[in-house]
Structure formats: structure tokens, C-alpha cells
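Asker: Here you go, this is data.tsv (TSV, C-alpha atoms and all ligand atoms).
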chain	number	residue	atom	x	y	z
A	326	MET	CA	68.93	74.59	75.76
A	327	THR	CA	69.92	76.84	78.66
A	328	ASP	CA	71.72	73.89	80.23
A	329	LEU	CA	74.29	74.12	77.48
A	330	ARG	CA	74.90	77.83	78.16
A	331	ARG	CA	74.71	78.45	74.41
A	332	ASP	CA	72.94	81.80	74.82
A	333	GLU	CA	75.50	82.99	77.34
A	334	ILE	CA	78.37	81.93	75.10
A	335	ALA	CA	76.81	83.60	72.06
A	336	ARG	CA	76.24	86.82	73.99
A	337	SER	CA	79.82	86.74	75.31
A	338	VAL	CA	81.21	86.24	71.83
A	339	THR	CA	79.13	89.14	70.51
A	340	ALA	CA	80.22	91.47	73.33
A	341	ILE	CA	83.90	90.62	72.84
A	342	ARG	CA	83.75	90.99	69.06
A	343	ARG	CA	82.06	94.35	69.51
A	344	ALA	CA	84.80	95.52	71.89
A	345	HIS	CA	87.74	94.27	69.78
A	346	ASP	CA	87.67	94.82	66.06
A	347	GLY	CA	91.08	93.32	65.21
A	348	ASP	CA	92.05	89.70	64.60
A	349	PHE	CA	91.66	87.28	67.47
A	350	PRO	CA	94.65	85.44	68.93
A	351	VAL	CA	94.61	81.64	68.80
A	352	VAL	CA	96.47	81.30	72.11
A	353	ALA	CA	94.87	82.14	75.46
A	354	LEU	CA	96.42	82.49	78.90
A	355	ILE	CA	94.61	82.24	82.24
A	356	LEU	CA	96.40	84.05	85.05
A	357	GLY	CA	96.01	82.57	88.53
A	358	SER	CA	96.14	84.03	92.04
A	359	GLY	CA	98.71	86.78	92.37
A	360	LEU	CA	99.88	86.35	88.76
A	361	GLY	CA	97.56	88.86	87.12
A	362	LYS	CA	100.40	91.37	86.86
A	363	PHE	CA	101.66	89.48	83.79
A	364	GLY	CA	99.35	91.78	81.88
A	365	GLU	CA	102.07	94.44	82.19
A	366	HIS	CA	104.17	92.48	79.69
A	367	LEU	CA	101.53	92.62	77.01
A	368	LYS	CA	101.22	95.19	74.31
A	369	ILE	CA	97.51	95.61	74.88
A	370	ASP	CA	95.05	96.50	72.14
A	371	THR	CA	91.80	95.94	74.04
A	372	ILE	CA	90.77	95.58	77.69
A	373	ILE	CA	87.34	94.12	78.43
A	374	PRO	CA	86.14	93.88	82.06
A	375	TYR	CA	84.29	90.60	82.68
A	376	ALA	CA	81.38	92.73	83.89
A	377	ASP	CA	80.96	93.85	80.24
A	378	VAL	CA	80.81	90.27	78.97
A	379	PRO	CA	77.29	89.07	79.72
A	380	GLY	CA	78.05	85.37	80.13
A	381	PHE	CA	81.20	85.74	82.21
A	382	PRO	CA	80.74	85.13	85.92
A	383	VAL	CA	82.59	87.86	87.80
A	384	SER	CA	85.37	86.64	90.08
A	385	THR	CA	85.01	87.60	93.72
A	386	VAL	CA	88.50	86.69	94.95
A	387	VAL	CA	91.18	89.17	96.01
A	388	GLY	CA	94.12	88.86	93.59
A	389	HIS	CA	91.87	88.21	90.61
A	390	GLU	CA	91.21	91.27	88.46
A	391	GLY	CA	88.42	90.00	86.25
A	392	ARG	CA	89.15	91.29	82.78
A	393	LEU	CA	90.16	90.13	79.34
A	394	LEU	CA	93.26	91.56	77.72
A	395	ILE	CA	93.79	91.21	73.99
A	396	GLY	CA	97.18	92.06	72.55
A	397	ARG	CA	100.64	90.59	72.09
A	398	ALA	CA	103.24	88.97	74.31
A	399	GLY	CA	106.38	89.71	72.30
A	400	ARG	CA	105.54	88.47	68.82
A	401	LEU	CA	102.66	86.22	69.89
A	402	PRO	CA	99.09	87.49	69.66
A	403	LEU	CA	97.54	86.55	73.00
A	404	ILE	CA	94.20	86.77	74.74
A	405	CYS	CA	94.61	86.81	78.46
A	406	MET	CA	92.10	86.11	81.22
A	407	GLN	CA	93.29	88.25	84.10
A	408	GLY	CA	91.47	86.44	86.87
A	409	ARG	CA	89.24	83.38	86.83
A	410	MET	CA	86.20	81.90	88.52
A	411	HIS	CA	86.50	79.08	91.01
A	412	LEU	CA	84.07	76.35	91.99
A	413	TYR	CA	84.32	77.40	95.64
A	414	GLU	CA	82.81	80.78	94.79
A	415	GLY	CA	79.56	78.90	94.29
A	416	TYR	CA	79.09	79.16	90.55
A	417	PRO	CA	77.41	76.13	89.05
A	418	ALA	CA	80.25	74.09	87.56
A	419	GLN	CA	78.66	74.45	84.10
A	420	ASP	CA	79.18	78.23	84.28
A	421	LEU	CA	82.93	77.68	84.30
A	422	ALA	CA	82.58	76.33	80.77
A	423	ILE	CA	81.34	79.67	79.44
A	424	PRO	CA	84.66	81.58	79.25
A	425	ILE	CA	86.53	78.60	77.77
A	426	ARG	CA	83.87	77.89	75.16
A	427	THR	CA	83.72	81.59	74.36
A	428	LEU	CA	87.46	81.56	73.70
A	429	ARG	CA	87.00	78.50	71.53
A	430	ALA	CA	84.25	80.22	69.56
A	431	LEU	CA	86.62	83.17	69.01
A	432	GLY	CA	89.16	80.79	67.48
A	433	VAL	CA	91.46	79.95	70.38
A	434	ASN	CA	93.10	76.54	69.94
A	435	ALA	CA	95.67	76.51	72.77
A	436	LEU	CA	95.02	77.34	76.40
A	437	ILE	CA	97.81	78.05	78.88
A	438	ILE	CA	96.53	77.75	82.45
A	439	THR	CA	98.45	79.10	85.44
A	440	ASN	CA	97.67	78.69	89.10
A	441	ALA	CA	99.08	78.97	92.60
A	442	ALA	CA	99.43	75.64	94.41
A	443	GLY	CA	100.68	73.97	97.55
A	444	SER	CA	103.53	71.49	97.23
A	445	LEU	CA	103.31	67.87	98.33
A	446	ARG	CA	107.01	67.26	97.73
A	447	THR	CA	109.82	68.59	99.89
A	448	GLU	CA	112.03	68.98	96.83
A	449	MET	CA	109.51	71.47	95.41
A	450	PRO	CA	109.64	74.33	97.94
A	451	PRO	CA	107.76	77.64	97.63
A	452	GLY	CA	108.97	79.54	94.58
A	453	THR	CA	109.17	76.40	92.41
A	454	LEU	CA	107.44	76.43	89.04
A	455	MET	CA	105.79	73.14	88.08
A	456	ALA	CA	104.64	72.19	84.58
A	457	LEU	CA	101.55	70.01	84.83
A	458	THR	CA	101.91	66.50	83.42
A	459	ASP	CA	98.44	65.39	84.50
A	460	HIS	CA	95.74	66.09	87.06
A	461	ILE	CA	93.51	64.40	89.62
A	462	ASN	CA	89.98	65.81	89.92
A	463	MET	CA	89.09	65.78	93.62
A	464	SER	CA	86.83	68.82	93.34
A	465	SER	CA	83.78	66.49	93.29
A	466	GLN	CA	82.45	68.58	90.40
A	467	ASN	CA	82.73	68.61	86.64
A	468	PRO	CA	81.53	71.39	84.31
A	469	LEU	CA	80.64	68.80	81.64
A	470	ILE	CA	78.00	67.06	83.73
A	471	GLY	CA	74.62	67.61	82.10
A	472	PRO	CA	73.47	67.40	78.50
A	473	ASN	CA	76.41	67.12	76.11
A	474	ASP	CA	76.86	69.82	73.50
A	475	ASP	CA	77.73	67.63	70.52
A	476	ASP	CA	78.82	70.71	68.56
A	477	MET	CA	81.58	71.24	71.13
A	478	GLY	CA	82.83	67.69	71.56
A	479	PRO	CA	81.82	64.10	72.22
A	480	ARG	CA	80.01	62.92	75.34
A	481	PHE	CA	82.94	60.72	76.31
A	482	PHE	CA	86.41	61.97	75.53
A	483	ASP	CA	89.98	60.98	76.15
A	484	MET	CA	92.04	62.63	78.88
A	485	SER	CA	95.38	60.89	78.16
A	486	ASP	CA	97.91	63.63	77.44
A	487	ALA	CA	95.40	66.24	78.63
A	488	TYR	CA	98.39	68.52	79.14
A	489	ASP	CA	99.90	68.64	75.68
A	490	PRO	CA	103.37	67.03	75.55
A	491	ASP	CA	104.54	69.37	72.78
A	492	LEU	CA	103.52	72.46	74.75
A	493	ARG	CA	105.26	71.00	77.80
A	494	ASP	CA	108.41	70.45	75.72
A	495	ALA	CA	108.18	74.08	74.66
A	496	LEU	CA	107.88	75.13	78.32
A	497	MET	CA	110.97	73.08	79.11
A	498	ARG	CA	112.85	74.69	76.21
A	499	ALA	CA	111.88	78.07	77.63
A	500	ALA	CA	113.13	76.93	81.03
A	501	LYS	CA	116.53	76.12	79.53
A	502	GLU	CA	116.62	79.31	77.52
A	503	THR	CA	115.83	81.54	80.52
A	504	GLY	CA	117.72	79.55	83.17
A	505	VAL	CA	114.52	79.20	85.22
A	506	ASP	CA	114.15	75.80	86.92
A	507	VAL	CA	110.86	74.11	86.10
A	508	SER	CA	109.75	70.89	87.81
A	509	SER	CA	106.95	68.78	86.45
A	510	GLY	CA	104.21	66.89	88.20
A	511	VAL	CA	100.60	65.99	88.84
A	512	TYR	CA	98.19	68.68	90.05
A	513	LEU	CA	95.30	67.69	92.28
A	514	GLN	CA	92.27	69.95	92.54
A	515	ALA	CA	90.51	70.02	95.86
A	516	SER	CA	87.23	71.91	96.11
A	517	GLY	CA	88.39	74.54	98.60
A	518	PRO	CA	87.66	77.06	99.94
A	519	ASN	CA	89.48	75.73	102.99
A	520	PHE	CA	93.05	74.64	102.64
A	521	GLU	CA	93.36	70.87	102.97
A	522	THR	CA	93.85	69.00	106.22
A	523	PRO	CA	97.23	67.35	106.86
A	524	ALA	CA	95.53	63.92	106.59
A	525	GLU	CA	94.14	64.85	103.15
A	526	VAL	CA	97.55	66.06	102.09
A	527	ARG	CA	99.17	62.76	103.14
A	528	MET	CA	96.53	60.86	101.19
A	529	PHE	CA	96.96	63.02	98.07
A	530	ALA	CA	100.72	62.47	98.16
A	531	GLN	CA	100.22	58.70	98.37
A	532	TRP	CA	97.90	58.90	95.38
A	533	GLY	CA	100.69	60.34	93.27
A	534	ALA	CA	99.80	64.03	93.36
A	535	ASP	CA	102.67	66.52	93.50
A	536	ALA	CA	100.77	69.76	94.08
A	537	VAL	CA	97.32	70.75	95.29
A	538	GLY	CA	95.19	73.73	94.36
A	539	MET	CA	91.63	74.93	93.86
A	540	SER	CA	91.40	75.62	90.11
A	541	THR	CA	92.54	74.56	86.63
A	542	VAL	CA	90.82	71.17	86.34
A	543	PRO	CA	87.42	72.50	85.16
A	544	GLU	CA	89.13	74.72	82.59
A	545	CYS	CA	91.28	71.85	81.34
A	546	LEU	CA	88.26	69.54	81.07
A	547	VAL	CA	86.22	72.03	79.06
A	548	ALA	CA	89.18	72.90	76.83
A	549	ARG	CA	90.03	69.27	76.10
A	550	HIS	CA	86.39	68.47	75.42
A	551	CYS	CA	86.30	71.07	72.63
A	552	GLY	CA	89.67	70.04	71.24
A	553	MET	CA	91.96	72.77	72.52
A	554	ARG	CA	95.56	72.00	73.41
A	555	VAL	CA	96.30	72.72	77.07
A	556	ALA	CA	99.41	73.56	79.06
A	557	GLY	CA	99.40	74.02	82.83
A	558	LEU	CA	101.89	75.83	85.04
A	559	SER	CA	101.74	75.97	88.84
A	560	VAL	CA	103.58	78.44	90.99
A	561	ILE	CA	104.26	76.69	94.28
A	562	THR	CA	103.42	79.22	96.98
A	563	ASN	CA	103.60	77.03	100.09
A	564	MET	CA	104.19	73.54	101.38
A	565	ALA	CA	100.75	71.91	101.70
A	566	ALA	CA	99.14	71.59	105.13
A	567	GLY	CA	101.13	69.52	107.61
A	568	LEU	CA	104.34	69.77	105.57
A	569	SER	CA	105.47	73.02	107.16
A	570	ASN	CA	105.15	74.35	110.66
A	571	HIS	CA	102.94	77.34	110.01
A	572	ALA	CA	99.27	77.94	109.23
A	573	LEU	CA	98.32	78.57	105.60
A	574	SER	CA	96.74	81.77	104.36
A	575	HIS	CA	95.65	83.41	101.12
A	576	GLN	CA	98.01	86.28	101.91
A	577	GLU	CA	100.93	83.84	101.84
A	578	THR	CA	99.72	82.59	98.45
A	579	LEU	CA	99.66	86.15	97.10
A	580	ASP	CA	103.02	87.09	98.65
A	581	GLU	CA	104.81	83.99	97.36
A	582	ALA	CA	103.22	84.27	93.93
A	583	GLU	CA	104.51	87.85	93.81
A	584	LYS	CA	108.03	86.66	94.69
A	585	ALA	CA	107.99	84.01	91.94
A	586	TYR	CA	106.42	86.41	89.47
A	587	GLY	CA	109.69	87.49	87.81
A	588	LYS	CA	110.65	83.89	87.06
A	589	MET	CA	107.22	83.01	85.81
A	590	SER	CA	107.00	85.97	83.50
A	591	ALA	CA	110.49	85.36	82.06
A	592	LEU	CA	109.54	81.75	81.42
A	593	LEU	CA	106.20	82.59	79.82
A	594	LEU	CA	107.63	85.31	77.59
A	595	SER	CA	110.26	82.92	76.24
A	596	PHE	CA	107.62	80.20	75.84
A	597	PHE	CA	105.36	82.57	73.90
A	598	ASN	CA	108.21	83.58	71.60
A	599	ASP	CA	108.81	79.91	70.91
A	600	LEU	CA	105.11	79.49	70.07
A	601	ALA	CA	105.23	82.55	67.83
A	602	SER	CA	108.05	80.95	65.84
A	603	SER	CA	106.32	77.63	65.40
A	604	ALA	CA	104.29	77.31	62.21
A	605	HIS	CA	101.32	76.08	64.21
A	606	HIS	CA	100.69	79.47	65.74
A	607	ALA	CA	102.16	81.79	63.14
A	701	LIG	N1	96.09	74.20	98.82
A	701	LIG	C1	95.13	74.53	97.93
A	701	LIG	N2	95.24	75.60	97.13
A	701	LIG	C2	96.34	76.34	97.22
A	701	LIG	C3	97.37	76.04	98.11
A	701	LIG	C4	97.24	74.91	98.96
A	701	LIG	O1	98.10	74.57	99.78
A	701	LIG	N3	98.33	77.00	97.94
A	701	LIG	C5	97.89	77.83	96.96
A	701	LIG	N4	96.69	77.44	96.52
Go through the file and emit its structure as C-alpha cells.
Ligand code: HPA

Answerer:
Amino acid sequence: MTDLRRDEIARSVTAIRRAHDGDFPVVALILGSGLGKFGEHLKIDTIIPYADVPGFPVSTVVGHEGRLLIGRAGRLPLICMQGRMHLYEGYPAQDLAIPIRTLRALGVNALIITNAAGSLRTEMPPGTLMALTDHINMSSQNPLIGPNDDDMGPRFFDMSDAYDPDLRDALMRAAKETGVDVSSGVYLQASGPNFETPAEVRMFAQWGADAVGMSTVPECLVARHCGMRVAGLSVITNMAAGLSNHALSHQETLDEAEKAYGKMSALLLSFFNDLASSAHHA
């Protein structure tokens, strides 16, 4: 049964329960590149480094802290993944299911995924926030390949409305409330670790993608498979390759994410207050 990572998930759940003896939040947030600082807005009860959670692969990327925060964002109890694992780090895709299924086992029913992404549309310059309406999986991998865990979800499952329309409406309400502009669009995941070529970027744009990045899709797939609601939010940190006249770098991603950080945190805090008020998450 090791293919299903059930042992790893069980050990992760045990380690987290041992470290945090309070109630568990039903909403989880994954913080992407350069966005980990959002942790400063939480009233934190418990901090758990991924290294202390046996089944969690430890992130190797600069800008990703690698720890779980359990606490509150305003009135909303929240469990926050400060840092994530990426396919390009070389983990088997199935390992990326472990943190999401662990959250599910702890009772999480809504997953908010953030990321940094390159824009494919001139009207979405760096600094834009984009709510995901859908995605295109061009990573050539899928964490659900292999034996299906029928206790988690069905072998074949629907990906229409993978990004929950009600959560997106709530994000848009938060946008209005805070005066932060939020675009919406389709996120395409490339495998990385290289940034895309200009020819790839032109092709992705023709396919209907609006932004490109190297994460999010595996997490969304695993979360949808086990019935969680998902929202996705990209921080546009650069125009994708060929759409601007300079070379891309991870430093630019981190710098631009830092600049957009104030907007993103204002938006998320308002969004979380909205969720706290809704009966669903009370
Ligand atoms: N491509 C892929 N991933 C990214 C980009 C990009 O242009 N910007 C930030 N993450």
C-alpha cells in the first residue's frame, strides 16, 4: 500500500496532532514564492517545521520557509503551509499528495492556493493579482497517477469548476471591499525549473492560458479528488518570456511578490473575514 502514501499521511497526521492540541481549522492556505510573510498576519498558536512532520517533503527553494502555522487570520481559524514542494524539485508527483491529504484527514474542507506567476496578457502587468478560474496541466505529471485510494475519492473525477465559484465570488467581494484590483484567468502549469521559452509562451497564450507558473495544479488535483473546495490566487511577478525585454530570474519573482505583498495580504484578510462570517465555515 506504500503507493498510496497512507503510512506517510497517517504519520503526518499523528505528528501534527501531537504538536497542536487545539481544534483544527477547516480552511487551509498555501503560500507561494515570496508570499510566506503572510504568516505575520496570523495569531499563531502552533508552528510545526515540515522537518518535524515525517511525511512532508522538505522544500528546497529559496523563498519557501517549510513550516505549518496553525492559528487565526482575524476571526477565521486557519492552517497555513508556509512554503510548498514543487515537481521540479524532483519529488515523485505522488509525494505532493501527502500534505494535502494530511490536511484533509485533519478536517480541512477548503484550500486556498497562492502562487507567483508570469503573465501572458499585456493588460495584466507585474503586480496584478489574478483569481484562478481554471487551469491547464502542462507539467506532464499528475500526483493521482497510480493506484486510486478509493477512501479519498473516485478514480475518475470531475474538474469542472475546480476553482470554486463561490470562493471566487468571495475573493471578488474582498477585492471590492479593500479596493484591490483582482483580474481572473486561466493558470497554466509548466514543469519548470527553467522559465518557458518565448515560443512556448506564445503557444500557451493561444491555448487560452492567462498566466504561467510552476505549482498549484498538483495541489488542486489532489484537493478536488478528495472533495475539498479550492480557490487559487496568482501574484503576477513578471511578463512571461518574450513579452518583456529582459531576462527572467527567481530574484525578480521574489522582489515583485514582495512589492505586491501588501495588496495580497489586504485581500486575503478581507476574504478570510468573509469566510468567517459565512455559516459554512463558522
Ligand atoms: N514562468 C513560470 N513560473 C513563474 C513565472 C514565469 O514566468 N514567474 C513566476 N513564476

Asker: Report, in Å to a single decimal, how far apart atom CA of A:Leu436 and atom CA of A:Ile355 are.

Answerer: 7.6 Å

Asker: Would you mind listing the residues within 9 Å of ligand LIG 701 (chain A), counting only C-alpha atoms and all ligand atoms, as a PyMOL selection string?

Answerer: chain A and resi 358+440-445+513-521+526+536-540+560-566+573-575+577-579+582

Asker: Which residue, A:Ile425, A:Leu546, A:Val507, A:Ala530, has the smallest gap to A:Thr453 when you use only C-alpha atoms?

Answerer: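 Answer, going by the shortest atom-to-atom distance: A:Val507.
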
Asker: Work out how far apart atom CA of A:Ala534 and atom CA of A:Tyr488 are and give it in Å to one decimal.

Answerer: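 So the two atoms, atom CA of A:Ala534 and atom CA of A:Tyr488, lie 15.0 Å apart.
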
Asker: Using all atoms listed in the file, can you list as a PyMOL selection string the residues within 12 Å of (108.3, 85.8, 85.6)?

Answerer: chain A and resi 359-366+439+452-454+499-500+503-507+558+560+582-596

Asker: Using only C-alpha atoms, which of A:Asp580, A:Asp420, A:Asp599, A:Asp483 sits nearest A:Ala495?

Answerer: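 Distance minimum relative to A:Ala495 lands on A:Asp599.
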
Asker: Give the answer as one residue: which of A:Ser602, A:Ser508, A:Thr385, A:Thr447 has the shortest atom-to-atom distance to A:Ser559, using only C-alpha atoms?

Answerer: A:Ser508

Asker: Counting all atoms listed in the file, find residues at most 8 Å from (103.1, 72.4, 78.5) (file frame) and give them as a count of residues only.

Answerer: 18

Asker: Hey, which of A:Arg446, A:Arg429, A:Arg331, A:Arg498 ends up closest to A:Val351? Count only C-alpha atoms.

Answerer: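 Counting only C-alpha atoms, the residue closest to A:Val351 is A:Arg429.
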
Asker: Pick from A:Ala487, A:Ala572, A:Ile373, A:Met528: nearest to A:Ile404, with all atoms listed in the file counted?

Answerer: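 Of all the options, A:Ile373 lies closest to A:Ile404.
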
Asker: Which residues, written as a ChimeraX atom specification, have at least one atom at most 8 Å from A:Arg426, with only C-alpha atoms counted and residues fewer than 3 positions away on the same chain left out?

Answerer: /A:334,422-423,429-430,547-548,551

Asker: How many Å separate atom CA of A:Pro379 from atom CA of A:Met406?

Answerer: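 A separation of 15.2 Å between them.
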
Asker: Given the choices A:Leu412, A:Ile395, A:Leu367, A:Leu428, which gets closest to A:Pro382 if the distance is worked out from all atoms listed in the file?

Answerer: A:Leu412

Asker: Edge lengths and centre, in Å to one decimal, as JSON: that's what I need for the box along x, y and z that holds all listed atoms of stretch 400-417 of chain A plus 6 Å on each side.

Answerer:
{"center_x": 91.5, "center_y": 82.3, "center_z": 82.2, "size_x": 40.1, "size_y": 24.3, "size_z": 38.8}

Asker: Any idea what's packed within 9 Å of A:Leu421, counting only C-alpha atoms, ignoring anything in its chain fewer than 6 positions away? Could you give it as a PyMOL selection string?

Answerer: chain A and resi 381-382+409-412+468+543-544+547

Asker: Convert the current residue selection to file output with C-alpha atoms, as a short mmCIF file (atom, residue, chain, number, x, y, z; two decimals), in the frame of the given file.

Answerer:
data_model
loop_
_atom_site.label_atom_id
_atom_site.label_comp_id
_atom_site.auth_asym_id
_atom_site.auth_seq_id
_atom_site.Cartn_x
_atom_site.Cartn_y
_atom_site.Cartn_z
CA PHE A 381 81.20 85.74 82.21
CA PRO A 382 80.74 85.13 85.92
CA ARG A 409 89.24 83.38 86.83
CA MET A 410 86.20 81.90 88.52
CA HIS A 411 86.50 79.08 91.01
CA LEU A 412 84.07 76.35 91.99
CA PRO A 468 81.53 71.39 84.31
CA PRO A 543 87.42 72.50 85.16
CA GLU A 544 89.13 74.72 82.59
CA VAL A 547 86.22 72.03 79.06
#

Asker: Would you tabulate, counting all atoms listed in the file, all residues of stretch 503-590 of chain A that have an atom at most 9 Å from an atom of stretch 470-481 of chain A, showing the closest pair of atoms and their distance in Å to one decimal, sorted by chain then ascending number, as a tab-separated table?

Answerer:
residue	atom	partner	partner_atom	distance
A:Arg549	CA	A:Gly478	CA	8.7
A:His550	CA	A:Gly478	CA	5.3
A:Cys551	CA	A:Met477	CA	5.0
A:Gly552	CA	A:Gly478	CA	7.2

Asker: Would you export the selected residues with C-alpha atoms as a PDB file, keeping the file's coordinate frame, please?

Answerer:
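result_17.pdb, written as the output of this step:
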ATOM      1  CA  ARG A 549      90.030  69.270  76.100  1.00  0.00           C
ATOM      2  CA  HIS A 550      86.390  68.470  75.420  1.00  0.00           C
ATOM      3  CA  CYS A 551      86.300  71.070  72.630  1.00  0.00           C
ATOM      4  CA  GLY A 552      89.670  70.040  71.240  1.00  0.00           C
TER       5      GLY A 552
END

Asker: Leaving out A:Ile341 and any residue of its chain fewer than 4 positions from it, which residues lie within 9 Å of it when counting only C-alpha atoms, given as a PyMOL selection string?

Answerer: chain A and resi 336-337+345-346+373+377-378+431

Asker: Dump stretch 481-579 of chain A with C-alpha atoms to a file, as a short mmCIF file (atom, residue, chain, number, x, y, z; two decimals), in the first residue's frame.

Answerer:
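In the end it all went to decode-v7.cif:
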data_model
loop_
_atom_site.label_atom_id
_atom_site.label_comp_id
_atom_site.auth_asym_id
_atom_site.auth_seq_id
_atom_site.Cartn_x
_atom_site.Cartn_y
_atom_site.Cartn_z
CA PHE A 481 -12.23 9.39 -12.30
CA PHE A 482 -13.47 12.72 -11.04
CA ASP A 483 -14.87 15.92 -12.41
CA MET A 484 -12.70 19.01 -12.82
CA SER A 485 -15.43 21.43 -13.99
CA ASP A 486 -15.48 24.31 -11.51
CA ALA A 487 -12.25 23.01 -9.96
CA TYR A 488 -11.77 26.53 -8.61
CA ASP A 489 -14.91 27.01 -6.55
CA PRO A 490 -17.17 29.75 -7.98
CA ASP A 491 -18.48 30.70 -4.52
CA LEU A 492 -14.96 31.12 -3.14
CA ARG A 493 -14.07 33.17 -6.23
CA ASP A 494 -17.13 35.37 -5.62
CA ALA A 495 -15.92 35.84 -2.06
CA LEU A 496 -12.47 36.84 -3.36
CA MET A 497 -14.12 39.37 -5.67
CA ARG A 498 -16.18 40.74 -2.77
CA ALA A 499 -12.95 41.14 -0.83
CA ALA A 500 -11.44 42.92 -3.83
CA LYS A 501 -14.29 45.43 -3.80
CA GLU A 502 -14.16 45.83 -0.05
CA THR A 503 -10.40 46.51 0.01
CA GLY A 504 -10.16 48.44 -3.27
CA VAL A 505 -7.58 45.94 -4.57
CA ASP A 506 -7.96 45.16 -8.28
CA VAL A 507 -8.23 41.45 -8.96
CA SER A 508 -8.22 40.02 -12.50
CA SER A 509 -9.32 36.50 -13.23
CA GLY A 510 -7.96 33.94 -15.62
CA VAL A 511 -6.59 30.53 -16.51
CA TYR A 512 -3.34 29.35 -14.92
CA LEU A 513 -1.08 27.02 -16.86
CA GLN A 514 1.46 24.90 -15.02
CA ALA A 515 4.69 24.20 -16.83
CA SER A 516 7.11 21.74 -15.26
CA GLY A 517 9.96 24.19 -14.69
CA PRO A 518 12.60 24.56 -13.41
CA ASN A 519 13.51 26.71 -16.39
CA PHE A 520 11.32 29.63 -17.27
CA GLU A 521 9.46 28.99 -20.52
CA THR A 522 10.74 29.83 -23.98
CA PRO A 523 9.08 32.69 -25.88
CA ALA A 524 7.69 30.12 -28.38
CA GLU A 525 6.11 28.15 -25.52
CA VAL A 526 4.65 31.34 -24.11
CA ARG A 527 3.08 32.24 -27.49
CA MET A 528 1.60 28.76 -27.70
CA PHE A 529 0.21 28.88 -24.15
CA ALA A 530 -1.43 32.24 -24.86
CA GLN A 531 -3.09 30.82 -27.99
CA TRP A 532 -4.37 27.92 -25.93
CA GLY A 533 -6.26 30.31 -23.68
CA ALA A 534 -3.90 30.49 -20.71
CA ASP A 535 -3.56 33.85 -18.97
CA ALA A 536 -0.68 33.13 -16.59
CA VAL A 537 2.07 30.53 -16.31
CA GLY A 538 3.75 29.11 -13.23
CA MET A 539 5.35 26.01 -11.77
CA SER A 540 2.96 24.95 -8.98
CA THR A 541 -0.68 24.77 -7.83
CA VAL A 542 -2.05 22.20 -10.29
CA PRO A 543 -0.96 19.09 -8.33
CA GLU A 544 -2.38 20.56 -5.12
CA CYS A 545 -5.66 21.45 -6.81
CA LEU A 546 -5.95 17.96 -8.34
CA VAL A 547 -5.38 16.19 -5.02
CA ALA A 548 -7.73 18.55 -3.18
CA ARG A 549 -10.53 18.17 -5.72
CA HIS A 550 -10.10 14.41 -5.74
CA CYS A 551 -10.80 14.26 -2.00
CA GLY A 552 -13.68 16.72 -2.20
CA MET A 553 -12.12 19.91 -0.90
CA ARG A 554 -13.21 23.28 -2.25
CA VAL A 555 -10.33 25.15 -3.89
CA ALA A 556 -9.55 28.80 -4.57
CA GLY A 557 -6.44 29.94 -6.43
CA LEU A 558 -4.74 33.33 -6.43
CA SER A 559 -1.73 34.26 -8.56
CA VAL A 560 0.52 37.21 -7.95
CA ILE A 561 1.83 38.26 -11.34
CA THR A 562 5.54 38.90 -10.85
CA ASN A 563 6.67 39.32 -14.47
CA MET A 564 5.57 39.28 -18.07
CA ALA A 565 6.26 35.76 -19.36
CA ALA A 566 9.30 35.12 -21.56
CA GLY A 567 9.32 37.08 -24.80
CA LEU A 568 6.70 39.56 -23.58
CA SER A 569 9.21 41.90 -21.99
CA ASN A 570 12.69 42.92 -22.96
CA HIS A 571 14.62 41.50 -20.04
CA ALA A 572 15.73 38.05 -18.88
CA LEU A 573 13.66 36.36 -16.17
CA SER A 574 15.02 35.41 -12.77
CA HIS A 575 13.83 33.96 -9.47
CA GLN A 576 15.07 37.13 -7.77
CA GLU A 577 12.62 39.16 -9.86
CA THR A 578 9.85 36.78 -8.80
CA LEU A 579 10.73 37.31 -5.13
#
